[in-house]
$ cat data-v3.pdb   # PDB, C-alpha atoms and all ligand atoms
ATOM      1  CA  MET J  18     -52.101-132.423 123.580
ATOM      2  CA  ALA J  19     -50.621-134.807 121.006
ATOM      3  CA  PHE J  20     -52.901-137.389 119.394
ATOM      4  CA  ILE J  21     -53.030-139.956 116.590
ATOM      5  CA  GLN J  22     -55.875-139.883 114.077
ATOM      6  CA  THR J  23     -57.396-143.296 113.358
ATOM      7  CA  VAL J  24     -60.375-144.126 111.129
ATOM      8  CA  ARG J  25     -62.531-144.268 114.290
ATOM      9  CA  GLY J  26     -61.278-140.986 115.709
ATOM     10  CA  ARG J  27     -58.450-139.641 117.809
ATOM     11  CA  ILE J  28     -56.485-141.750 120.253
ATOM     12  CA  HIS J  29     -53.771-140.875 122.737
ATOM     13  CA  PRO J  30     -50.353-141.831 121.282
ATOM     14  CA  SER J  31     -49.764-144.250 124.177
ATOM     15  CA  GLU J  32     -52.748-146.330 122.951
ATOM     16  CA  LEU J  33     -51.155-147.118 119.568
ATOM     17  CA  GLY J  34     -48.922-150.005 120.683
ATOM     18  CA  LEU J  35     -47.319-152.546 118.352
ATOM     19  CA  THR J  36     -47.718-151.090 114.876
ATOM     20  CA  LEU J  37     -47.456-152.277 111.278
ATOM     21  CA  ILE J  38     -46.681-148.943 109.600
ATOM     22  CA  HIS J  39     -47.119-149.908 105.940
ATOM     23  CA  GLU J  40     -49.651-152.506 104.801
ATOM     24  CA  HIS J  41     -52.616-152.695 102.429
ATOM     25  CA  ILE J  42     -56.150-154.040 102.830
ATOM     26  CA  LEU J  43     -57.428-153.246  99.333
ATOM     27  CA  CYS J  44     -55.760-152.162  96.079
ATOM     28  CA  ASP J  45     -57.183-151.332  92.674
ATOM     29  CA  PHE J  46     -54.736-150.779  89.826
ATOM     30  CA  ILE J  47     -57.215-149.968  87.077
ATOM     31  CA  GLY J  48     -56.312-146.261  87.122
ATOM     32  CA  ALA J  49     -57.765-142.992  88.402
ATOM     33  CA  GLU J  50     -60.404-142.609  85.690
ATOM     34  CA  LYS J  51     -62.068-145.992  86.247
ATOM     35  CA  THR J  52     -61.610-146.821  89.939
ATOM     36  CA  GLY J  53     -64.253-146.409  92.630
ATOM     37  CA  PRO J  54     -66.227-148.361  95.243
ATOM     38  CA  HIS J  55     -68.345-149.887  92.430
ATOM     39  CA  ARG J  56     -65.235-152.000  91.657
ATOM     40  CA  TRP J  57     -65.451-154.106  94.835
ATOM     41  CA  ASP J  58     -67.955-155.610  97.279
ATOM     42  CA  ARG J  59     -67.111-154.318 100.754
ATOM     43  CA  ALA J  60     -68.616-157.342 102.511
ATOM     44  CA  GLU J  61     -66.579-159.719 100.360
ATOM     45  CA  VAL J  62     -63.332-157.776 100.940
ATOM     46  CA  ALA J  63     -63.985-157.694 104.695
ATOM     47  CA  GLU J  64     -64.692-161.413 104.817
ATOM     48  CA  ARG J  65     -61.536-162.216 102.838
ATOM     49  CA  ILE J  66     -59.210-159.938 104.844
ATOM     50  CA  THR J  67     -60.543-160.406 108.405
ATOM     51  CA  PRO J  68     -58.659-163.695 109.067
ATOM     52  CA  TYR J  69     -55.375-161.990 108.083
ATOM     53  CA  LEU J  70     -56.081-159.129 110.493
ATOM     54  CA  GLN J  71     -57.158-161.556 113.216
ATOM     55  CA  ALA J  72     -53.815-163.340 112.811
ATOM     56  CA  ILE J  73     -51.884-160.148 113.696
ATOM     57  CA  VAL J  74     -54.255-159.309 116.552
ATOM     58  CA  ASP J  75     -53.397-162.761 117.927
ATOM     59  CA  GLN J  76     -49.695-161.811 117.689
ATOM     60  CA  GLY J  77     -50.253-158.714 119.801
ATOM     61  CA  ILE J  78     -50.313-156.117 116.993
ATOM     62  CA  THR J  79     -52.647-153.258 117.929
ATOM     63  CA  ALA J  80     -52.229-150.767 115.057
ATOM     64  CA  PHE J  81     -52.322-151.090 111.264
ATOM     65  CA  VAL J  82     -51.464-148.261 108.885
ATOM     66  CA  ASP J  83     -53.235-148.681 105.546
ATOM     67  CA  CYS J  84     -51.110-147.150 102.804
ATOM     68  CA  SER J  85     -53.484-147.511  99.841
ATOM     69  CA  PRO J  86     -53.785-143.974  98.485
ATOM     70  CA  ARG J  87     -56.754-142.341  96.845
ATOM     71  CA  TYR J  88     -57.390-143.811  93.341
ATOM     72  CA  ILE J  89     -55.628-147.099  94.327
ATOM     73  CA  GLY J  90     -58.350-148.517  96.523
ATOM     74  CA  ARG J  91     -58.535-146.212  99.531
ATOM     75  CA  ASP J  92     -61.899-147.014 101.138
ATOM     76  CA  PRO J  93     -62.442-145.306 104.517
ATOM     77  CA  LEU J  94     -65.768-147.062 105.210
ATOM     78  CA  LEU J  95     -64.221-150.490 104.662
ATOM     79  CA  LEU J  96     -61.328-149.576 106.979
ATOM     80  CA  ARG J  97     -63.668-148.270 109.678
ATOM     81  CA  HIS J  98     -65.748-151.448 109.488
ATOM     82  CA  LEU J  99     -62.635-153.642 109.823
ATOM     83  CA  SER J 100     -61.355-151.542 112.714
ATOM     84  CA  GLU J 101     -64.676-151.965 114.549
ATOM     85  CA  LYS J 102     -64.711-155.683 113.782
ATOM     86  CA  THR J 103     -61.119-156.491 114.857
ATOM     87  CA  GLY J 104     -60.401-153.781 117.441
ATOM     88  CA  LEU J 105     -57.251-152.745 115.545
ATOM     89  CA  HIS J 106     -56.408-149.053 115.356
ATOM     90  CA  ILE J 107     -56.415-148.464 111.589
ATOM     91  CA  LEU J 108     -55.119-145.316 109.890
ATOM     92  CA  THR J 109     -55.867-144.068 106.384
ATOM     93  CA  ASN J 110     -54.366-141.205 104.391
ATOM     94  CA  THR J 111     -54.813-138.180 102.191
ATOM     95  CA  GLY J 112     -52.581-137.295  99.232
ATOM     96  CA  PHE J 113     -51.991-138.564  95.697
ATOM     97  CA  TYR J 114     -49.742-141.231  94.175
ATOM     98  CA  LYS J 115     -48.401-140.924  90.601
ATOM     99  CA  GLU J 116     -49.512-141.588  87.047
ATOM    100  CA  PRO J 117     -51.636-143.446  85.981
ATOM    101  CA  PHE J 118     -53.234-143.046  89.404
ATOM    102  CA  LEU J 119     -53.719-139.280  89.202
ATOM    103  CA  PRO J 120     -56.911-137.555  88.102
ATOM    104  CA  ARG J 121     -56.400-135.445  84.982
ATOM    105  CA  TRP J 122     -56.917-132.111  86.760
ATOM    106  CA  ALA J 123     -54.032-132.901  89.149
ATOM    107  CA  LEU J 124     -51.454-133.217  86.355
ATOM    108  CA  GLU J 125     -51.257-129.448  85.832
ATOM    109  CA  ALA J 126     -52.579-128.189  89.182
ATOM    110  CA  PRO J 127     -50.288-125.998  91.305
ATOM    111  CA  ALA J 128     -49.127-127.381  94.645
ATOM    112  CA  GLU J 129     -51.373-124.934  96.520
ATOM    113  CA  GLU J 130     -54.482-126.338  94.819
ATOM    114  CA  LEU J 131     -53.508-129.957  95.574
ATOM    115  CA  ALA J 132     -52.813-129.040  99.198
ATOM    116  CA  GLU J 133     -56.207-127.341  99.463
ATOM    117  CA  HIS J 134     -57.941-130.655  98.607
ATOM    118  CA  TRP J 135     -55.885-132.622 101.105
ATOM    119  CA  VAL J 136     -56.309-130.084 103.904
ATOM    120  CA  ALA J 137     -60.075-130.180 103.244
ATOM    121  CA  GLU J 138     -60.041-133.974 103.756
ATOM    122  CA  TRP J 139     -58.308-133.388 107.081
ATOM    123  CA  GLN J 140     -60.775-130.723 108.173
ATOM    124  CA  GLU J 141     -64.038-132.212 106.875
ATOM    125  CA  GLY J 142     -63.287-135.926 106.540
ATOM    126  CA  ILE J 143     -62.880-137.992 103.373
ATOM    127  CA  GLU J 144     -65.637-138.005 100.729
ATOM    128  CA  GLY J 145     -68.491-137.355 103.156
ATOM    129  CA  THR J 146     -67.642-140.333 105.408
ATOM    130  CA  GLY J 147     -66.480-138.307 108.396
ATOM    131  CA  VAL J 148     -63.310-140.450 108.448
ATOM    132  CA  ARG J 149     -60.188-138.316 108.701
ATOM    133  CA  PRO J 150     -56.720-139.146 107.372
ATOM    134  CA  GLY J 151     -53.971-140.007 109.875
ATOM    135  CA  PHE J 152     -51.087-139.166 107.524
ATOM    136  CA  ILE J 153     -50.257-137.972 104.004
ATOM    137  CA  LYS J 154     -49.293-140.602 101.402
ATOM    138  CA  ILE J 155     -47.577-139.543  98.204
ATOM    139  CA  ALA J 156     -45.196-141.036  95.637
ATOM    140  CA  VAL J 157     -42.238-139.879  93.584
ATOM    141  CA  ASN J 158     -40.723-141.242  90.387
ATOM    142  CA  PRO J 159     -37.168-142.640  90.507
ATOM    143  CA  GLY J 160     -34.277-140.334  89.508
ATOM    144  CA  ALA J 161     -34.774-136.603  88.866
ATOM    145  CA  LEU J 162     -38.308-135.670  89.900
ATOM    146  CA  ILE J 163     -40.680-134.836  87.052
ATOM    147  CA  PRO J 164     -42.663-131.575  87.463
ATOM    148  CA  VAL J 165     -45.943-133.133  88.606
ATOM    149  CA  GLN J 166     -44.164-135.147  91.319
ATOM    150  CA  GLN J 167     -42.252-132.033  92.429
ATOM    151  CA  ARG J 168     -45.614-130.289  92.857
ATOM    152  CA  ILE J 169     -46.997-133.285  94.764
ATOM    153  CA  VAL J 170     -44.034-133.270  97.170
ATOM    154  CA  ARG J 171     -44.418-129.522  97.689
ATOM    155  CA  ALA J 172     -48.175-129.947  98.205
ATOM    156  CA  ALA J 173     -47.462-132.578 100.864
ATOM    157  CA  ALA J 174     -45.169-130.135 102.677
ATOM    158  CA  LEU J 175     -47.831-127.402 102.536
ATOM    159  CA  THR J 176     -50.475-129.840 103.821
ATOM    160  CA  HIS J 177     -48.130-130.923 106.606
ATOM    161  CA  ARG J 178     -47.632-127.313 107.645
ATOM    162  CA  ALA J 179     -51.405-126.774 107.795
ATOM    163  CA  THR J 180     -52.256-130.031 109.590
ATOM    164  CA  GLY J 181     -49.192-131.486 111.346
ATOM    165  CA  LEU J 182     -49.702-134.806 109.505
ATOM    166  CA  LEU J 183     -46.727-137.068 108.792
ATOM    167  CA  VAL J 184     -45.762-137.423 105.109
ATOM    168  CA  ALA J 185     -44.988-140.940 103.821
ATOM    169  CA  SER J 186     -43.570-140.897 100.307
ATOM    170  CA  HIS J 187     -43.149-143.938  98.049
ATOM    171  CA  THR J 188     -39.454-143.462  97.188
ATOM    172  CA  ALA J 189     -37.434-146.438  96.063
ATOM    173  CA  GLU J 190     -34.206-144.717  95.081
ATOM    174  CA  ALA J 191     -31.674-142.261  96.566
ATOM    175  CA  GLN J 192     -31.656-139.362  94.097
ATOM    176  CA  ALA J 193     -35.439-138.992  94.363
ATOM    177  CA  ALA J 194     -35.100-139.056  98.149
ATOM    178  CA  TYR J 195     -32.494-136.267  98.238
ATOM    179  CA  GLU J 196     -34.501-134.099  95.816
ATOM    180  CA  SER J 197     -37.689-134.610  97.828
ATOM    181  CA  LEU J 198     -35.966-133.486 101.028
ATOM    182  CA  GLU J 199     -34.735-130.337  99.260
ATOM    183  CA  ILE J 200     -38.282-129.523  98.130
ATOM    184  CA  ILE J 201     -39.879-129.969 101.547
ATOM    185  CA  GLU J 202     -37.160-127.977 103.281
ATOM    186  CA  ARG J 203     -37.622-125.123 100.810
ATOM    187  CA  ALA J 204     -41.336-125.271 101.681
ATOM    188  CA  GLY J 205     -40.537-124.917 105.375
ATOM    189  CA  MET J 206     -41.084-128.512 106.469
ATOM    190  CA  ALA J 207     -38.659-130.428 108.690
ATOM    191  CA  PRO J 208     -37.401-133.800 107.319
ATOM    192  CA  GLY J 209     -38.179-135.299 110.729
ATOM    193  CA  ARG J 210     -41.831-135.448 109.602
ATOM    194  CA  TYR J 211     -41.018-137.147 106.268
ATOM    195  CA  VAL J 212     -40.796-140.900 105.666
ATOM    196  CA  ILE J 213     -38.750-142.336 102.810
ATOM    197  CA  VAL J 214     -40.962-145.335 102.056
ATOM    198  CA  HIS J 215     -39.305-148.424 100.517
ATOM    199  CA  ALA J 216     -35.879-147.122 101.647
ATOM    200  CA  ASN J 217     -34.849-150.796 101.772
ATOM    201  CA  ALA J 218     -34.611-150.571  97.954
ATOM    202  CA  ILE J 219     -31.663-148.155  98.300
ATOM    203  CA  ARG J 220     -28.653-150.470  98.084
ATOM    204  CA  ASN J 221     -25.826-148.147  99.145
ATOM    205  CA  LEU J 222     -25.498-148.045 102.958
ATOM    206  CA  ALA J 223     -23.796-144.627 102.837
ATOM    207  CA  ASP J 224     -27.029-143.172 101.384
ATOM    208  CA  HIS J 225     -28.972-144.503 104.364
ATOM    209  CA  GLU J 226     -26.646-142.781 106.786
ATOM    210  CA  ALA J 227     -26.702-139.547 104.766
ATOM    211  CA  LEU J 228     -30.520-139.485 104.524
ATOM    212  CA  ALA J 229     -30.805-140.204 108.240
ATOM    213  CA  ALA J 230     -28.334-137.390 108.938
ATOM    214  CA  ARG J 231     -30.689-135.071 107.049
ATOM    215  CA  GLY J 232     -33.331-136.041 109.636
ATOM    216  CA  ALA J 233     -35.710-138.181 107.531
ATOM    217  CA  TRP J 234     -37.395-141.420 108.607
ATOM    218  CA  LEU J 235     -36.239-144.526 106.733
ATOM    219  CA  GLU J 236     -38.936-147.138 106.206
ATOM    220  CA  TYR J 237     -37.740-150.692 105.679
ATOM    221  CA  ASP J 238     -40.870-152.369 104.380
ATOM    222  CA  GLY J 239     -41.306-155.292 101.992
ATOM    223  CA  LEU J 240     -40.197-157.508 104.847
ATOM    224  CA  GLN J 241     -40.459-161.232 104.022
ATOM    225  CA  ALA J 242     -38.381-164.401 104.382
ATOM    226  CA  ASP J 243     -36.119-163.823 101.385
ATOM    227  CA  SER J 244     -35.429-160.162 102.312
ATOM    228  CA  ALA J 245     -34.791-160.750 106.013
ATOM    229  CA  GLU J 246     -30.993-160.840 105.751
ATOM    230  CA  TRP J 247     -30.872-157.423 104.055
ATOM    231  CA  HIS J 248     -33.420-155.946 106.465
ATOM    232  CA  LEU J 249     -31.315-157.187 109.362
ATOM    233  CA  THR J 250     -28.212-155.578 107.813
ATOM    234  CA  LEU J 251     -30.064-152.248 107.484
ATOM    235  CA  VAL J 252     -31.371-152.350 111.061
ATOM    236  CA  ARG J 253     -27.983-153.242 112.560
ATOM    237  CA  TYR J 254     -26.255-150.539 110.526
ATOM    238  CA  ALA J 255     -28.789-147.958 111.743
ATOM    239  CA  LEU J 256     -28.319-148.990 115.376
ATOM    240  CA  GLU J 257     -24.509-148.954 115.071
ATOM    241  CA  ARG J 258     -24.553-145.504 113.452
ATOM    242  CA  GLY J 259     -27.011-144.104 115.990
ATOM    243  CA  TYR J 260     -30.168-143.556 113.944
ATOM    244  CA  GLY J 261     -32.287-146.430 115.270
ATOM    245  CA  GLY J 262     -34.812-143.782 116.295
ATOM    246  CA  GLN J 263     -35.552-143.054 112.610
ATOM    247  CA  ILE J 264     -36.302-146.598 111.407
ATOM    248  CA  LEU J 265     -39.745-148.030 110.617
ATOM    249  CA  LEU J 266     -40.442-151.693 109.755
ATOM    250  CA  SER J 267     -43.351-153.326 107.902
ATOM    251  CA  HIS J 268     -44.309-155.870 105.217
ATOM    252  CA  ASP J 269     -46.096-153.818 102.545
ATOM    253  CA  ALA J 270     -48.249-156.948 102.301
ATOM    254  CA  GLY J 271     -51.899-157.885 101.869
ATOM    255  CA  TRP J 272     -54.253-157.138  99.853
ATOM    256  CA  TYR J 273     -57.560-157.829  98.226
ATOM    257  CA  GLU J 274     -57.028-156.784  94.612
ATOM    258  CA  ALA J 275     -60.114-155.375  92.923
ATOM    259  CA  GLY J 276     -60.902-157.109  89.643
ATOM    260  CA  GLN J 277     -59.366-160.453  90.707
ATOM    261  CA  PRO J 278     -61.566-163.440  91.679
ATOM    262  CA  LEU J 279     -62.042-163.124  95.474
ATOM    263  CA  GLY J 280     -59.261-160.522  95.462
ATOM    264  CA  GLY J 281     -56.529-162.881  94.203
ATOM    265  CA  THR J 282     -53.620-163.968  96.384
ATOM    266  CA  VAL J 283     -53.331-162.236  99.763
ATOM    267  CA  ARG J 284     -49.919-162.113 101.451
ATOM    268  CA  PRO J 285     -50.136-162.355 105.273
ATOM    269  CA  TYR J 286     -48.961-159.672 107.712
ATOM    270  CA  THR J 287     -47.407-162.073 110.233
ATOM    271  CA  TYR J 288     -43.733-162.477 109.263
ATOM    272  CA  LEU J 289     -42.455-159.562 111.352
ATOM    273  CA  MET J 290     -43.672-160.878 114.702
ATOM    274  CA  ALA J 291     -43.384-164.594 113.915
ATOM    275  CA  GLU J 292     -39.918-164.645 112.340
ATOM    276  CA  PHE J 293     -38.157-161.288 112.155
ATOM    277  CA  VAL J 294     -38.374-160.310 115.824
ATOM    278  CA  PRO J 295     -36.857-163.673 116.869
ATOM    279  CA  LEU J 296     -34.151-163.068 114.230
ATOM    280  CA  LEU J 297     -33.423-159.624 115.739
ATOM    281  CA  ARG J 298     -33.117-161.253 119.184
ATOM    282  CA  ARG J 299     -30.729-163.909 117.860
ATOM    283  CA  ALA J 300     -28.689-161.094 116.281
ATOM    284  CA  GLY J 301     -28.262-159.609 119.749
ATOM    285  CA  LEU J 302     -30.869-156.825 119.817
ATOM    286  CA  GLY J 303     -32.305-156.122 123.247
ATOM    287  CA  GLU J 304     -35.962-155.717 124.163
ATOM    288  CA  GLU J 305     -35.481-151.929 124.422
ATOM    289  CA  GLU J 306     -34.295-151.734 120.820
ATOM    290  CA  ILE J 307     -37.131-153.937 119.546
ATOM    291  CA  ARG J 308     -39.631-151.815 121.469
ATOM    292  CA  GLN J 309     -38.149-148.689 119.896
ATOM    293  CA  LEU J 310     -38.514-150.106 116.369
ATOM    294  CA  LEU J 311     -42.042-151.470 116.688
ATOM    295  CA  ILE J 312     -43.765-149.228 119.249
ATOM    296  CA  GLU J 313     -41.935-145.992 119.986
ATOM    297  CA  ASN J 314     -40.852-145.044 116.463
ATOM    298  CA  PRO J 315     -44.318-145.483 114.873
ATOM    299  CA  ARG J 316     -45.911-143.655 117.806
ATOM    300  CA  ARG J 317     -43.551-140.679 117.453
ATOM    301  CA  ALA J 318     -43.883-140.612 113.651
ATOM    302  CA  LEU J 319     -47.696-140.683 113.663
ATOM    303  CA  SER J 320     -48.273-138.295 116.592
ATOM    304  CA  ILE J 321     -49.792-134.954 115.719
ATOM    305  CA  ALA J 322     -48.722-132.146 118.034
TER     306      ALA J 322
HETATM  307 ZN    ZN J 401     -47.333-150.161  99.749
END

$ encode --input "data-v3.pdb" --output "structure tokens" --more "lines below"
Ligand SMILES: [Zn+2]
Amino acid sequence: MAFIQTVRGRIHPSELGLTLIHEHILCDFIGAEKTGPHRWDRAEVAERITPYLQAIVDQGITAFVDCSPRYIGRDPLLLRHLSEKTGLHILTNTGFYKEPFLPRWALEAPAEELAEHWVAEWQEGIEGTGVRPGFIKIAVNPGALIPVQQRIVRAAALTHRATGLLVASHTAEAQAAYESLEIIERAGMAPGRYVIVHANAIRNLADHEALAARGAWLEYDGLQADSAEWHLTLVRYALERGYGGQILLSHDAGWYEAGQPLGGTVRPYTYLMAEFVPLLRRAGLGEEEIRQLLIENPRRALSIA
């Protein structure tokens, strides 16, 4: 039976509910060689972030997908604590980002070796915590993919084939998106399990339609007041062209930044429900379409068969 893997264990997909598919609780940009839990105080991060999570709970959000990858502040114990405290379903990830957030050994490692590490996190839990990843998070460089990012994309496809996990790939540009889809297809993975993260950064609407026609998910994150017009254009275009079932929406907001006093400035996660959903309604979207975007699409994307 299908399930979704949260930091507190498996849930039935119908339990997921209203979902923010791409947000961050904690980030650390010091680099792979220097980062680690010694860089932050879990209690302080939890205290700082809890009011922001409580604000979305009050809006009716029930699920929060934490997209901080390993070596950029992924902390499964912090996420589990916050999930217990707020009642939110929280998901974390396996996978790697890109330089300078890669460990040295990964720069030359074959895709099979990278995949072995990620599959092990799925099977045994992350770093001895018992917390399992709910998806695979990777990144690609813009333009033609450099060799290490090609191997990372291929490793994600191999990990997907071994685990069934969704792949979410930081991709802010069309050529990188097309090349990534070629790599995963060659590795035997269907684009329907692959999310082009930050697809809102792709300016040409024809690329959106073409990538959707290939079967990929398009994630329109970075949602905030001054982007709302463009996000609305992208959503309406998708609905008109018939690929509303492949769209994901989120803020890519938050976070407590390690190394900053009290984590620096935290951006709230509330714009989508407070402002953007009313905007969608004013633009003529029905409740069925809004439900598809915020509940059904994330549920289908994150479900593991
Ligand atoms: Zn992000």

$ resolve_selection --input "data-v3.pdb" --expression "the PyMOL selection byres (((chain J and resi 294-296) around 12) and not hetatm)" --output "PyMOL selection string"
chain J and resi 76+240+242+245-246+248-250+252-253+266-267+287-293+297-304+306-308+310-311

$ resolve_selection --input "data-v3.pdb" --expression "the PyMOL selection byres (((not hetatm)) within 7 of (chain J and resi 401))" --output "ChimeraX atom specification"
/J:39-41,84-85,269

$ write_last_selection --input "data-v3.pdb" --atoms "C-alpha atoms" --output "mmCIF file, in the frame of the given file"
data_model
loop_
_atom_site.group_PDB
_atom_site.id
_atom_site.type_symbol
_atom_site.label_atom_id
_atom_site.label_comp_id
_atom_site.auth_asym_id
_atom_site.auth_seq_id
_atom_site.Cartn_x
_atom_site.Cartn_y
_atom_site.Cartn_z
ATOM 1 C CA HIS J 39 -47.119 -149.908 105.940
ATOM 2 C CA GLU J 40 -49.651 -152.506 104.801
ATOM 3 C CA HIS J 41 -52.616 -152.695 102.429
ATOM 4 C CA CYS J 84 -51.110 -147.150 102.804
ATOM 5 C CA SER J 85 -53.484 -147.511 99.841
ATOM 6 C CA ASP J 269 -46.096 -153.818 102.545
#

$ resolve_selection --input "data-v3.pdb" --expression "the PyMOL selection byres (((chain J and resi 215) around 10) and not hetatm)" --output "ChimeraX atom specification"
/J:39,185-190,212-214,216-219,235-239,266-267,269

$ closest_residue --input "data-v3.pdb" --among "J:Leu182, J:Ala174, J:Val82, J:Ala191" --to "J:Leu265" --atoms "all atoms listed in the file"
J:Val82

$ closest_residue --input "data-v3.pdb" --among "J:Thr103, J:Ala172, J:Ala204, J:Glu125" --to "J:Ile73" --atoms "only C-alpha atoms"
J:Thr103

$ residues_around --input "data-v3.pdb" --residues "J:Glu202" --least-positions-apart "6" --cutoff "12 Å" --atoms "only C-alpha atoms" --output "list of chain:residue names"
J:Val170, J:Arg171, J:Ala173, J:Ala174, J:Leu175, J:His177, J:Arg178, J:Tyr195, J:Glu196, J:Pro208, J:Gly209, J:Arg210, J:Tyr211, J:Arg231, J:Gly232, J:Ala233

$ residues_around --input "data-v3.pdb" --residues "J:Thr111" --least-positions-apart "5" --cutoff "8 Å" --atoms "all atoms listed in the file" --output "PDB file with C-alpha atoms, keeping the file's coordinate frame"
ATOM      1  CA  PRO J  86     -53.785-143.974  98.485  1.00  0.00           C
ATOM      2  CA  ARG J  87     -56.754-142.341  96.845  1.00  0.00           C
ATOM      3  CA  TRP J 135     -55.885-132.622 101.105  1.00  0.00           C
ATOM      4  CA  GLU J 138     -60.041-133.974 103.756  1.00  0.00           C
ATOM      5  CA  TRP J 139     -58.308-133.388 107.081  1.00  0.00           C
ATOM      6  CA  PRO J 150     -56.720-139.146 107.372  1.00  0.00           C
ATOM      7  CA  GLY J 151     -53.971-140.007 109.875  1.00  0.00           C
ATOM      8  CA  PHE J 152     -51.087-139.166 107.524  1.00  0.00           C
ATOM      9  CA  ILE J 153     -50.257-137.972 104.004  1.00  0.00           C
ATOM     10  CA  LYS J 154     -49.293-140.602 101.402  1.00  0.00           C
TER      11      LYS J 154
END

$ closest_residue --input "data-v3.pdb" --among "J:Gly271, J:Pro117, J:Pro127, J:Gly26" --to "J:Glu50" --atoms "all atoms listed in the file"
J:Pro117

$ axis_aligned_box --input "data-v3.pdb" --around "stretch 48-67 of chain J" --padding-each-side "8 Å" --output "lines of an AutoDock Vina configuration file"
center_x = -62.5
center_y = -152.4
center_z = 97.0
size_x = 28.3
size_y = 35.6
size_z = 38.7

$ atom_distance --input "data-v3.pdb" --atom1 "atom CA of J:Val136" --atom2 "atom CA of J:Thr176"
5.8 Å

$ closest_residue --input "data-v3.pdb" --among "J:Glu199, J:Glu226, J:Glu133, J:Glu274" --to "J:Asp58" --atoms "all atoms listed in the file"
J:Glu274
